[in-house]
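Enquirer: This is start_7.cif, which holds mmCIF, C-alpha atoms:
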```cif
data_protein
loop_
_atom_site.group_PDB
_atom_site.id
_atom_site.type_symbol
_atom_site.label_atom_id
_atom_site.label_comp_id
_atom_site.auth_asym_id
_atom_site.auth_seq_id
_atom_site.Cartn_x
_atom_site.Cartn_y
_atom_site.Cartn_z
ATOM 1 C CA MET S 1 0.000 0.000 0.000
ATOM 2 C CA THR S 2 1.353 3.424 -0.954
ATOM 3 C CA THR S 3 1.450 5.877 1.930
ATOM 4 C CA PRO S 4 0.678 9.603 1.417
ATOM 5 C CA SER S 5 4.248 10.523 2.413
ATOM 6 C CA ALA S 6 5.613 8.244 -0.317
ATOM 7 C CA VAL S 7 3.890 10.261 -3.067
ATOM 8 C CA MET S 8 4.376 13.717 -1.485
ATOM 9 C CA ALA S 9 6.613 16.042 -3.467
ATOM 10 C CA PRO S 10 9.953 16.934 -1.831
ATOM 11 C CA ARG S 11 8.982 20.638 -1.825
ATOM 12 C CA ASP S 12 5.801 19.816 0.121
ATOM 13 C CA LYS S 13 7.789 17.818 2.655
ATOM 14 C CA ALA S 14 10.211 20.728 3.057
ATOM 15 C CA ASP S 15 7.327 23.176 3.538
ATOM 16 C CA ILE S 16 5.879 21.017 6.321
ATOM 17 C CA LEU S 17 9.242 20.863 8.096
ATOM 18 C CA ALA S 18 9.720 24.623 7.722
ATOM 19 C CA GLN S 19 6.281 25.286 9.216
ATOM 20 C CA ALA S 20 7.233 23.241 12.270
ATOM 21 C CA LEU S 21 10.397 25.271 12.961
ATOM 22 C CA PRO S 22 8.752 28.192 14.846
ATOM 23 C CA TYR S 23 6.969 25.735 17.132
ATOM 24 C CA ILE S 24 10.136 23.737 17.766
ATOM 25 C CA ARG S 25 11.876 26.983 18.713
ATOM 26 C CA LYS S 26 8.958 28.128 20.887
ATOM 27 C CA TYR S 27 8.668 24.877 22.842
ATOM 28 C CA HIS S 28 12.340 23.880 23.029
ATOM 29 C CA GLY S 29 13.139 22.892 26.605
ATOM 30 C CA LYS S 30 9.477 22.955 27.644
ATOM 31 C CA THR S 31 7.597 20.080 29.261
ATOM 32 C CA MET S 32 4.503 18.547 27.671
ATOM 33 C CA VAL S 33 2.412 16.151 29.780
ATOM 34 C CA ILE S 34 0.477 13.743 27.599
ATOM 35 C CA LYS S 35 -2.476 11.674 28.849
ATOM 36 C CA TYR S 36 -2.442 8.606 26.607
ATOM 37 C CA GLY S 37 -5.653 6.639 26.284
ATOM 38 C CA GLY S 38 -8.508 5.563 24.032
ATOM 39 C CA ASN S 39 -8.068 4.037 20.586
ATOM 40 C CA ALA S 40 -4.527 5.394 20.393
ATOM 41 C CA MET S 41 -3.616 2.769 23.011
ATOM 42 C CA THR S 42 -5.330 -0.195 21.385
ATOM 43 C CA GLU S 43 -4.866 0.106 17.593
ATOM 44 C CA PRO S 44 -1.375 -0.958 16.417
ATOM 45 C CA ALA S 45 -1.013 1.747 13.745
ATOM 46 C CA LEU S 46 -1.994 4.477 16.211
ATOM 47 C CA GLN S 47 0.280 3.007 18.899
ATOM 48 C CA LYS S 48 3.208 3.185 16.484
ATOM 49 C CA ALA S 49 2.347 6.757 15.425
ATOM 50 C CA PHE S 50 2.074 7.860 19.065
ATOM 51 C CA ALA S 51 5.471 6.391 19.962
ATOM 52 C CA GLU S 52 7.074 8.059 16.932
ATOM 53 C CA ASP S 53 5.528 11.410 17.902
ATOM 54 C CA VAL S 54 6.833 11.175 21.463
ATOM 55 C CA VAL S 55 10.346 10.289 20.295
ATOM 56 C CA LEU S 56 10.395 13.087 17.732
ATOM 57 C CA LEU S 57 9.323 15.627 20.364
ATOM 58 C CA LYS S 58 12.184 14.504 22.601
ATOM 59 C CA LEU S 59 14.709 14.648 19.761
ATOM 60 C CA VAL S 60 13.821 18.281 18.920
ATOM 61 C CA GLY S 61 14.296 19.350 22.529
ATOM 62 C CA ILE S 62 10.786 19.117 23.942
ATOM 63 C CA ASN S 63 10.286 17.072 27.127
ATOM 64 C CA PRO S 64 7.284 14.722 26.871
ATOM 65 C CA VAL S 65 5.943 12.986 29.972
ATOM 66 C CA VAL S 66 3.399 10.235 29.300
ATOM 67 C CA VAL S 67 0.637 9.369 31.776
ATOM 68 C CA HIS S 68 -1.437 6.407 30.625
ATOM 69 C CA GLY S 69 -4.762 4.863 31.433
ATOM 70 C CA GLY S 70 -5.812 1.329 30.642
ATOM 71 C CA GLY S 71 -9.550 0.964 31.118
ATOM 72 C CA PRO S 72 -10.184 -1.525 28.275
ATOM 73 C CA GLN S 73 -7.209 -3.656 29.318
ATOM 74 C CA ILE S 74 -8.366 -3.696 32.956
ATOM 75 C CA GLU S 75 -11.884 -4.613 31.854
ATOM 76 C CA ALA S 76 -10.544 -7.477 29.725
ATOM 77 C CA ALA S 77 -8.420 -8.810 32.603
ATOM 78 C CA LEU S 78 -11.355 -8.623 35.018
ATOM 79 C CA GLY S 79 -13.493 -10.450 32.475
ATOM 80 C CA ARG S 80 -11.006 -13.311 32.364
ATOM 81 C CA LEU S 81 -11.474 -13.592 36.138
ATOM 82 C CA GLY S 82 -15.253 -13.532 35.818
ATOM 83 C CA LYS S 83 -15.552 -10.029 37.267
ATOM 84 C CA LYS S 84 -17.431 -7.127 35.691
ATOM 85 C CA GLY S 85 -16.288 -3.556 36.223
ATOM 86 C CA GLN S 86 -18.605 -1.216 38.081
ATOM 87 C CA PHE S 87 -18.509 2.568 37.727
ATOM 88 C CA ILE S 88 -19.981 5.365 39.836
ATOM 89 C CA GLN S 89 -19.920 8.902 38.418
ATOM 90 C CA GLY S 90 -17.223 7.912 35.929
ATOM 91 C CA MET S 91 -14.922 6.331 38.533
ATOM 92 C CA ARG S 92 -14.082 2.617 38.700
ATOM 93 C CA VAL S 93 -15.153 0.858 41.896
ATOM 94 C CA THR S 94 -11.977 -0.874 43.089
ATOM 95 C CA ASP S 95 -12.177 -3.641 45.697
ATOM 96 C CA GLU S 96 -9.031 -5.457 46.870
ATOM 97 C CA GLU S 97 -9.108 -8.073 44.106
ATOM 98 C CA THR S 98 -9.744 -5.425 41.450
ATOM 99 C CA MET S 99 -6.837 -3.369 42.798
ATOM 100 C CA GLU S 100 -4.497 -6.329 42.295
ATOM 101 C CA VAL S 101 -5.664 -6.578 38.690
ATOM 102 C CA VAL S 102 -5.290 -2.813 38.184
ATOM 103 C CA GLU S 103 -1.686 -2.885 39.419
ATOM 104 C CA TRP S 104 -0.808 -5.894 37.300
ATOM 105 C CA VAL S 105 -2.370 -4.431 34.151
ATOM 106 C CA LEU S 106 -1.253 -0.799 34.495
ATOM 107 C CA ALA S 107 2.219 -1.167 36.015
ATOM 108 C CA GLY S 108 2.924 -4.389 34.148
ATOM 109 C CA GLN S 109 1.287 -5.101 30.824
ATOM 110 C CA VAL S 110 0.213 -1.643 29.642
ATOM 111 C CA GLN S 111 3.181 0.336 30.902
ATOM 112 C CA GLN S 112 5.750 -2.058 29.507
ATOM 113 C CA ASP S 113 3.983 -2.146 26.144
ATOM 114 C CA ILE S 114 4.251 1.654 25.948
ATOM 115 C CA VAL S 115 7.874 1.658 27.096
ATOM 116 C CA GLY S 116 8.685 -0.964 24.474
ATOM 117 C CA LEU S 117 6.991 0.958 21.666
ATOM 118 C CA ILE S 118 8.849 4.175 22.510
ATOM 119 C CA ASN S 119 12.166 2.345 22.758
ATOM 120 C CA GLN S 120 11.498 0.586 19.455
ATOM 121 C CA ALA S 121 10.889 4.008 17.861
ATOM 122 C CA GLY S 122 14.340 5.158 19.007
ATOM 123 C CA GLY S 123 13.577 6.736 22.377
ATOM 124 C CA LYS S 124 14.642 5.858 25.909
ATOM 125 C CA ALA S 125 11.505 5.352 27.986
ATOM 126 C CA VAL S 126 11.363 4.499 31.680
ATOM 127 C CA GLY S 127 8.236 3.199 33.423
ATOM 128 C CA LEU S 128 7.175 4.634 36.785
ATOM 129 C CA THR S 129 4.300 4.260 39.223
ATOM 130 C CA GLY S 130 3.424 6.622 42.043
ATOM 131 C CA ARG S 131 5.542 4.472 44.367
ATOM 132 C CA ASP S 132 8.756 5.223 42.474
ATOM 133 C CA GLY S 133 10.581 8.081 44.131
ATOM 134 C CA ALA S 134 7.588 8.400 46.515
ATOM 135 C CA MET S 135 5.993 10.326 43.671
ATOM 136 C CA ILE S 136 2.235 10.088 44.336
ATOM 137 C CA ARG S 137 0.976 10.029 47.911
ATOM 138 C CA ALA S 138 -2.738 9.372 48.105
ATOM 139 C CA LYS S 139 -5.664 8.775 50.435
ATOM 140 C CA LYS S 140 -9.023 7.088 49.978
ATOM 141 C CA LEU S 141 -11.322 9.138 47.767
ATOM 142 C CA ARG S 142 -14.525 10.240 49.463
ATOM 143 C CA MET S 143 -17.011 10.631 46.653
ATOM 144 C CA ALA S 144 -20.117 12.694 47.263
ATOM 145 C CA ASP S 145 -23.163 12.038 45.117
ATOM 146 C CA ASN S 146 -23.532 14.538 42.262
ATOM 147 C CA THR S 147 -27.196 15.154 42.990
ATOM 148 C CA ASP S 148 -27.264 14.748 46.790
ATOM 149 C CA PRO S 149 -23.991 15.774 48.529
ATOM 150 C CA SER S 150 -25.192 14.202 51.784
ATOM 151 C CA ILE S 151 -24.748 10.764 50.167
ATOM 152 C CA GLU S 152 -21.211 9.368 50.005
ATOM 153 C CA HIS S 153 -20.264 6.535 47.639
ATOM 154 C CA ASP S 154 -17.696 3.941 48.753
ATOM 155 C CA ILE S 155 -15.652 3.082 45.668
ATOM 156 C CA GLY S 156 -12.960 1.048 47.417
ATOM 157 C CA GLN S 157 -9.255 1.570 46.774
ATOM 158 C CA VAL S 158 -9.715 4.597 44.576
ATOM 159 C CA GLY S 159 -7.358 7.343 45.601
ATOM 160 C CA GLU S 160 -7.331 11.093 45.903
ATOM 161 C CA ILE S 161 -3.921 12.709 45.467
ATOM 162 C CA GLU S 162 -2.493 14.254 48.622
ATOM 163 C CA SER S 163 0.823 15.297 47.113
ATOM 164 C CA ILE S 164 3.061 14.763 44.097
ATOM 165 C CA ASP S 165 6.850 14.862 44.241
ATOM 166 C CA ALA S 166 7.938 15.111 40.619
ATOM 167 C CA SER S 167 11.686 15.085 41.314
ATOM 168 C CA VAL S 168 12.179 11.587 39.886
ATOM 169 C CA VAL S 169 10.447 12.676 36.655
ATOM 170 C CA LYS S 170 12.636 15.781 36.416
ATOM 171 C CA SER S 171 15.774 13.709 36.964
ATOM 172 C CA LEU S 172 14.827 11.356 34.158
ATOM 173 C CA GLN S 173 14.097 14.257 31.819
ATOM 174 C CA ASP S 174 17.494 15.768 32.533
ATOM 175 C CA ASP S 175 19.101 12.455 31.578
ATOM 176 C CA ALA S 176 17.272 12.341 28.224
ATOM 177 C CA PHE S 177 14.753 9.687 29.276
ATOM 178 C CA ILE S 178 11.025 9.740 28.559
ATOM 179 C CA PRO S 179 8.990 9.007 31.727
ATOM 180 C CA VAL S 180 5.910 6.791 31.360
ATOM 181 C CA VAL S 181 3.728 7.052 34.460
ATOM 182 C CA SER S 182 1.065 4.584 35.655
ATOM 183 C CA PRO S 183 -1.650 6.264 37.778
ATOM 184 C CA ILE S 184 -1.130 4.266 40.968
ATOM 185 C CA GLY S 185 -0.522 5.990 44.300
ATOM 186 C CA PHE S 186 0.274 4.770 47.781
ATOM 187 C CA GLY S 187 -1.166 5.605 51.199
ATOM 188 C CA GLU S 188 0.244 6.123 54.672
ATOM 189 C CA ASN S 189 -0.005 2.396 55.432
ATOM 190 C CA ASN S 190 1.637 1.429 52.128
ATOM 191 C CA GLU S 191 -1.711 0.501 50.577
ATOM 192 C CA SER S 192 -2.144 0.984 46.819
ATOM 193 C CA TYR S 193 -4.696 3.313 45.265
ATOM 194 C CA ASN S 194 -6.146 3.390 41.775
ATOM 195 C CA ILE S 195 -6.213 7.027 40.654
ATOM 196 C CA ASN S 196 -7.926 8.385 37.579
ATOM 197 C CA ALA S 197 -5.250 8.926 34.924
ATOM 198 C CA ASP S 198 -6.754 12.247 33.798
ATOM 199 C CA VAL S 199 -6.430 13.558 37.346
ATOM 200 C CA VAL S 200 -2.825 12.333 37.652
ATOM 201 C CA ALA S 201 -1.917 13.948 34.323
ATOM 202 C CA GLY S 202 -3.424 17.262 35.408
ATOM 203 C CA LYS S 203 -1.701 17.311 38.813
ATOM 204 C CA LEU S 204 1.623 16.217 37.328
ATOM 205 C CA ALA S 205 1.396 18.957 34.691
ATOM 206 C CA ILE S 206 0.942 21.496 37.487
ATOM 207 C CA GLN S 207 3.930 20.193 39.475
ATOM 208 C CA LEU S 208 6.157 20.162 36.387
ATOM 209 C CA GLN S 209 4.958 23.627 35.317
ATOM 210 C CA ALA S 210 4.202 22.127 31.937
ATOM 211 C CA GLU S 211 3.741 24.283 28.879
ATOM 212 C CA LYS S 212 0.883 22.072 27.707
ATOM 213 C CA LEU S 213 -1.287 19.243 28.939
ATOM 214 C CA LEU S 214 -2.565 17.136 26.043
ATOM 215 C CA MET S 215 -5.308 14.582 26.637
ATOM 216 C CA LEU S 216 -5.888 12.017 23.904
ATOM 217 C CA SER S 217 -9.501 10.915 23.738
ATOM 218 C CA ASN S 218 -11.857 8.900 21.535
ATOM 219 C CA ILE S 219 -13.776 12.004 20.484
ATOM 220 C CA PRO S 220 -12.751 15.111 18.506
ATOM 221 C CA GLY S 221 -12.888 17.128 21.734
ATOM 222 C CA VAL S 222 -15.691 18.444 23.927
ATOM 223 C CA LEU S 223 -19.005 18.342 22.079
ATOM 224 C CA ASN S 224 -22.217 20.232 22.783
ATOM 225 C CA LYS S 225 -25.611 18.533 22.877
ATOM 226 C CA ALA S 226 -25.914 18.892 19.104
ATOM 227 C CA GLY S 227 -22.657 17.003 18.641
ATOM 228 C CA GLU S 228 -20.727 20.098 17.554
ATOM 229 C CA LEU S 229 -17.113 20.596 18.583
ATOM 230 C CA LEU S 230 -16.454 23.298 21.172
ATOM 231 C CA THR S 231 -12.959 24.546 20.353
ATOM 232 C CA ASP S 232 -12.392 27.072 23.148
ATOM 233 C CA LEU S 233 -13.811 26.803 26.669
ATOM 234 C CA THR S 234 -13.455 28.876 29.827
ATOM 235 C CA ALA S 235 -14.150 27.875 33.429
ATOM 236 C CA ALA S 236 -17.554 29.552 33.250
ATOM 237 C CA ASP S 237 -18.412 27.709 30.041
ATOM 238 C CA ILE S 238 -17.561 24.393 31.687
ATOM 239 C CA ASP S 239 -19.700 25.150 34.744
ATOM 240 C CA GLY S 240 -22.620 25.670 32.377
ATOM 241 C CA LEU S 241 -21.936 22.402 30.545
ATOM 242 C CA PHE S 242 -21.886 20.526 33.860
ATOM 243 C CA ALA S 243 -25.111 22.182 34.960
ATOM 244 C CA ASP S 244 -27.082 21.331 31.819
ATOM 245 C CA GLY S 245 -25.821 17.740 31.683
ATOM 246 C CA THR S 246 -23.713 18.138 28.532
ATOM 247 C CA LEU S 247 -20.691 16.861 30.465
ATOM 248 C CA SER S 248 -21.224 13.640 32.391
ATOM 249 C CA GLY S 249 -19.851 10.142 33.012
ATOM 250 C CA GLY S 250 -16.265 9.557 31.976
ATOM 251 C CA MET S 251 -15.838 13.155 30.821
ATOM 252 C CA LEU S 252 -16.224 14.458 34.408
ATOM 253 C CA PRO S 253 -12.718 13.611 35.712
ATOM 254 C CA LYS S 254 -11.133 14.490 32.358
ATOM 255 C CA ILE S 255 -12.614 17.982 32.297
ATOM 256 C CA ALA S 256 -12.050 18.510 36.022
ATOM 257 C CA GLY S 257 -8.384 17.598 35.665
ATOM 258 C CA ALA S 258 -7.989 19.826 32.618
ATOM 259 C CA LEU S 259 -9.644 22.795 34.293
ATOM 260 C CA ASP S 260 -7.588 22.376 37.467
ATOM 261 C CA ALA S 261 -4.396 22.423 35.388
ATOM 262 C CA ALA S 262 -5.479 25.499 33.436
ATOM 263 C CA LYS S 263 -6.293 27.365 36.656
ATOM 264 C CA SER S 264 -2.978 26.367 38.232
ATOM 265 C CA GLY S 265 -0.485 27.665 35.715
ATOM 266 C CA VAL S 266 -0.424 25.175 32.825
ATOM 267 C CA LYS S 267 -0.505 27.503 29.832
ATOM 268 C CA ALA S 268 -2.726 25.410 27.577
ATOM 269 C CA VAL S 269 -4.808 22.269 28.001
ATOM 270 C CA HIS S 270 -5.992 20.440 24.903
ATOM 271 C CA ILE S 271 -8.400 17.539 24.529
ATOM 272 C CA ILE S 272 -7.603 16.010 21.151
ATOM 273 C CA ASP S 273 -8.731 13.084 19.048
ATOM 274 C CA GLY S 274 -6.356 10.182 19.593
ATOM 275 C CA ARG S 275 -7.906 8.374 16.633
ATOM 276 C CA VAL S 276 -6.101 10.787 14.288
ATOM 277 C CA PRO S 277 -2.628 9.493 13.329
ATOM 278 C CA HIS S 278 0.141 11.764 14.641
ATOM 279 C CA ALA S 279 -2.397 13.884 16.543
ATOM 280 C CA LEU S 280 0.342 15.082 18.917
ATOM 281 C CA LEU S 281 2.531 16.491 16.159
ATOM 282 C CA LEU S 282 -0.426 18.153 14.472
ATOM 283 C CA GLU S 283 -1.375 19.868 17.725
ATOM 284 C CA ILE S 284 2.099 20.888 18.897
ATOM 285 C CA LEU S 285 4.155 21.502 15.751
ATOM 286 C CA SER S 286 1.647 22.943 13.280
ATOM 287 C CA ASP S 287 -0.711 25.896 12.973
ATOM 288 C CA GLN S 288 -3.630 23.511 12.505
ATOM 289 C CA ALA S 289 -5.556 23.904 15.767
ATOM 290 C CA PHE S 290 -8.040 21.144 16.457
ATOM 291 C CA GLY S 291 -9.732 19.607 19.460
ATOM 292 C CA THR S 292 -10.816 21.632 22.502
ATOM 293 C CA MET S 293 -8.596 24.098 24.334
ATOM 294 C CA ILE S 294 -9.471 24.820 27.954
ATOM 295 C CA ARG S 295 -8.378 28.001 29.711
ATOM 296 C CA SER S 296 -9.106 29.405 33.135
ATOM 297 C CA SER S 297 -10.825 32.591 31.939
#
```
Can the structure in the file be given as C-alpha cells, please?
Expert:
Amino acid sequence: MTTPSAVMAPRDKADILAQALPYIRKYHGKTMVIKYGGNAMTEPALQKAFAEDVVLLKLVGINPVVVHGGGPQIEAALGRLGKKGQFIQGMRVTDEETMEVVEWVLAGQVQQDIVGLINQAGGKAVGLTGRDGAMIRAKKLRMADNTDPSIEHDIGQVGEIESIDASVVKSLQDDAFIPVVSPIGFGENNESYNINADVVAGKLAIQLQAEKLLMLSNIPGVLNKAGELLTDLTAADIDGLFADGTLSGGMLPKIAGALDAAKSGVKAVHIIDGRVPHALLLEILSDQAFGTMIRSS
C-alpha cells in the first residue's frame, strides 16, 4: 500500500518541516504532559504513530511525559477472572481483588507495552508508578453524590492525590529519558490506590509547570448537545456544561483535571482526538488547531 508521504513532493515535505520550525523553537526545553488513552492505546497503527511522535518531540528538545490509562485492558483482565467492572460517576469501583488486577495491568502489561513501543521508535523510555521516588501520595477518595452531597459513595481503593513529588520525573528528563507514568498511588499504610489517569496527568502537569497538557480521547474534543465541537472553553463555560448535563460520566474527571491544570499555571490544556494518526505532532508543531482548548478565563 502506498502511503501519502511516499507520493508527497519533496517541496511539500520541506514546507511542512519549515512550518514546524517556529513551534520547535517556541517549545524547546518545555515540558509537555500527555495523557495517553482511548483508541490510540489499542490500535497498532496508532500506537506506532504515538510512539514516533513522542520520540520526535524529545529529539527536537521538547520534554514529553506520558501518563497512561488502561480501562479496556483492565476490563478485559477482570473479564477473564469472571468479574465485571462497576462505575460510579465515571470512577471505577476498586475492591481489593480489582486493585491487584489494576496494578498488574497498568504497572505491568500496559506500561511495559508503551515503554517498548517508545524504545522501538528510538527513544529511551522508563516506566514509573506513584511508588517510584515516593511520587504520588494518596488517600481514599470520598465521593459525594452529584445530585445529593449528603450521600457518600464507597468506591474502594480509589485514591485522591495528597501530594506529588515530581523530582524523579525531572531527573529522568534531565538524563534524556522519557517518563511513562502509571496512575497508581500509595497511602500512609503502604496501601495501593487506583487514581484516575486524567487527574494524575493534570496534577503532574501542574507540578512540572508544563507548557501544555494534552489529553488524547476517543472524540474530537468536547461536544455540545448537538454534537458540535467546542474549540475554546473557559471555566464559566464548563460550569454551564456541567449544569445542563452536557458533560457527564467519563468526561467528568477528564474535564475537572484539565480545568484544574489550566487554573494552576499550565498555559494550555488540549483535549484532542487520539484516533487521528500523529495527533500530537499536528497539535504541537503545526498551525492547525483542532480539538478543545481549555483556559481558566
Enquirer: Might you spell out which residues the PyMOL selection byres ((chain S and resi 110) around 12) would select in the displayed file, as JSON, numbers by chain?
Expert: {"S": [36, 37, 41, 42, 47, 67, 68, 69, 70, 71, 72, 73, 74, 77, 101, 102, 103, 104, 105, 106, 107, 108, 109, 111, 112, 113, 114, 115, 116, 117, 127, 128, 129, 180, 181, 182, 183]}
Enquirer: Excluding Phe242 in chain S and its own-chain neighbours fewer than 4 positions away, which residues fall within 12 Å of it when counting all atoms listed in the file? Please give them as a list in words.
Expert: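 Everything that qualifies: Asn146, Thr147, Val222, Asn224, Lys225, Ala235, Ala236, Asp237, Ile238, Thr246, Leu247, Ser248, Gly249, Met251, Leu252, Pro253, Ile255 and Ala256 of chain S.
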Enquirer: Report as CSV: every residue of range 23-129 of chain S with an atom at most 12 Å from range 161-176 of chain S, its closest pair of atoms, and their distance in Å to one decimal, counting all atoms listed in the file, with rows sorted by chain and ascending residue number.
Expert:
```
residue,atom,partner,partner_atom,distance
S:Gly29,CA,S:Gln173,CA,10.1
S:Lys30,CA,S:Gln173,CA,10.7
S:Thr31,CA,S:Gln173,CA,9.1
S:Met32,CA,S:Gln173,CA,11.3
S:Val33,CA,S:Val169,CA,11.1
S:Val55,CA,S:Ala176,CA,10.7
S:Leu57,CA,S:Ala176,CA,11.7
S:Lys58,CA,S:Ala176,CA,7.9
S:Leu59,CA,S:Ala176,CA,9.1
S:Val60,CA,S:Ala176,CA,11.6
S:Gly61,CA,S:Ala176,CA,9.5
S:Ile62,CA,S:Gln173,CA,9.8
S:Asn63,CA,S:Gln173,CA,6.7
S:Pro64,CA,S:Gln173,CA,8.4
S:Val65,CA,S:Val169,CA,8.1
S:Val66,CA,S:Val169,CA,10.5
S:Val67,CA,S:Val169,CA,11.4
S:Gly123,CA,S:Ala176,CA,8.9
S:Lys124,CA,S:Ala176,CA,7.4
S:Ala125,CA,S:Ala176,CA,9.1
S:Val126,CA,S:Leu172,CA,8.1
S:Gly127,CA,S:Val169,CA,10.3
S:Leu128,CA,S:Val169,CA,8.7
S:Thr129,CA,S:Val169,CA,10.7
```
Enquirer: Quick one, how far is CA of Tyr27 in chain S from CA of Gly122 in chain S?
Expert: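 Taking CA of Tyr27 in chain S and CA of Gly122 in chain S, their separation equals 20.9 Å.
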Enquirer: What lies within 10 Å of Asp145 in chain S using all atoms listed in the file, ignoring chain neighbours under 5 positions off, as a ChimeraX atom specification?
Expert: /S:88-89,150-153
Enquirer: I'd like to know which of S:Thr98, S:Lys139, S:Val269, S:Gly245 is closest to Gly79 in chain S, using only C-alpha atoms.
Expert: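 The shortest atom-to-atom distance to Gly79 in chain S comes from S:Thr98.
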Enquirer: With a distance cut-off of 8 Å and only C-alpha atoms, select the neighbouring residues of Glu96 in chain S, excluding the residue or stretch itself and same-chain residues fewer than 4 positions from it, and output the selection as a list in words.
Expert: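 So, after excluding close chain neighbours, the residues are Glu100, Gly156 and Gln157 of chain S.
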Enquirer: Using the chain letters and numbers from the file, which residues does the PyMOL selection byres ((chain S and resi 210-215) around 8) grab, as a compact mmCIF listing (two decimals) with C-alpha atoms, in the frame of the given file?
Expert:
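Result file is out23.txt:
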```txt
# COMPACT_ATOMS: atom_id res chain seq x y z
CA TYR S 27 8.67 24.88 22.84
CA LYS S 30 9.48 22.96 27.64
CA THR S 31 7.60 20.08 29.26
CA MET S 32 4.50 18.55 27.67
CA VAL S 33 2.41 16.15 29.78
CA ILE S 34 0.48 13.74 27.60
CA LYS S 35 -2.48 11.67 28.85
CA TYR S 36 -2.44 8.61 26.61
CA GLY S 37 -5.65 6.64 26.28
CA ASP S 198 -6.75 12.25 33.80
CA ALA S 201 -1.92 13.95 34.32
CA GLY S 202 -3.42 17.26 35.41
CA ALA S 205 1.40 18.96 34.69
CA ILE S 206 0.94 21.50 37.49
CA GLN S 207 3.93 20.19 39.48
CA LEU S 208 6.16 20.16 36.39
CA GLN S 209 4.96 23.63 35.32
CA LEU S 216 -5.89 12.02 23.90
CA SER S 217 -9.50 10.92 23.74
CA ALA S 258 -7.99 19.83 32.62
CA ALA S 261 -4.40 22.42 35.39
CA VAL S 266 -0.42 25.18 32.83
CA LYS S 267 -0.50 27.50 29.83
CA ALA S 268 -2.73 25.41 27.58
CA VAL S 269 -4.81 22.27 28.00
CA HIS S 270 -5.99 20.44 24.90
CA ILE S 271 -8.40 17.54 24.53
CA ILE S 272 -7.60 16.01 21.15
CA LEU S 280 0.34 15.08 18.92
```
Enquirer: Choose the residue, out of S:Arg142, S:Lys84, S:Lys203, S:Arg137, that has the smallest atom-to-atom separation from Gly185 in chain S; count only C-alpha atoms.
Expert: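 The closest residue to Gly185 in chain S is S:Arg137.
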Enquirer: To box range 168-181 of chain S, take all atoms listed in the file, fit an axis-aligned box, add 5 Å on each side, and give centre and edge lengths in Å to one decimal, as JSON.
Expert:
```
{"center_x": 11.4, "center_y": 11.3, "center_z": 34.1, "size_x": 25.4, "size_y": 19.0, "size_z": 21.7}
```
Enquirer: Rounded to one decimal place, report the CA of Leu223 in chain S-CA of Thr292 in chain S distance in Å.
Expert: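 Value for the CA of Leu223 in chain S-CA of Thr292 in chain S distance: 8.8 Å.
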Enquirer: Would you compute the distance between CA of Asp260 in chain S and CA of Ile219 in chain S? Give it in Å to one decimal.
Expert: 20.8 Å
Enquirer: Compare S:His278, S:Arg25, S:Arg295, S:Lys254 by their minimum atom-to-atom distance to Glu52 in chain S, counting all atoms listed in the file, and give me the closest one.
Expert: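 Checking each candidate against Glu52 in chain S, we get S:His278 as the closest.
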Enquirer: Which residues are near Ile284 in chain S? Cut-off 9 Å, all atoms listed in the file, ignore same chain within fewer than 2 positions. Put them as a ChimeraX atom specification.
Expert: /S:20,23-24,27,212,279-282,286-289
Enquirer: Excluding same-chain residues fewer than 3 positions from Glu43 in chain S, what lies within 12 Å of it counting only C-alpha atoms, as a ChimeraX atom specification?
Expert: /S:37-40,46-50,218,274-277
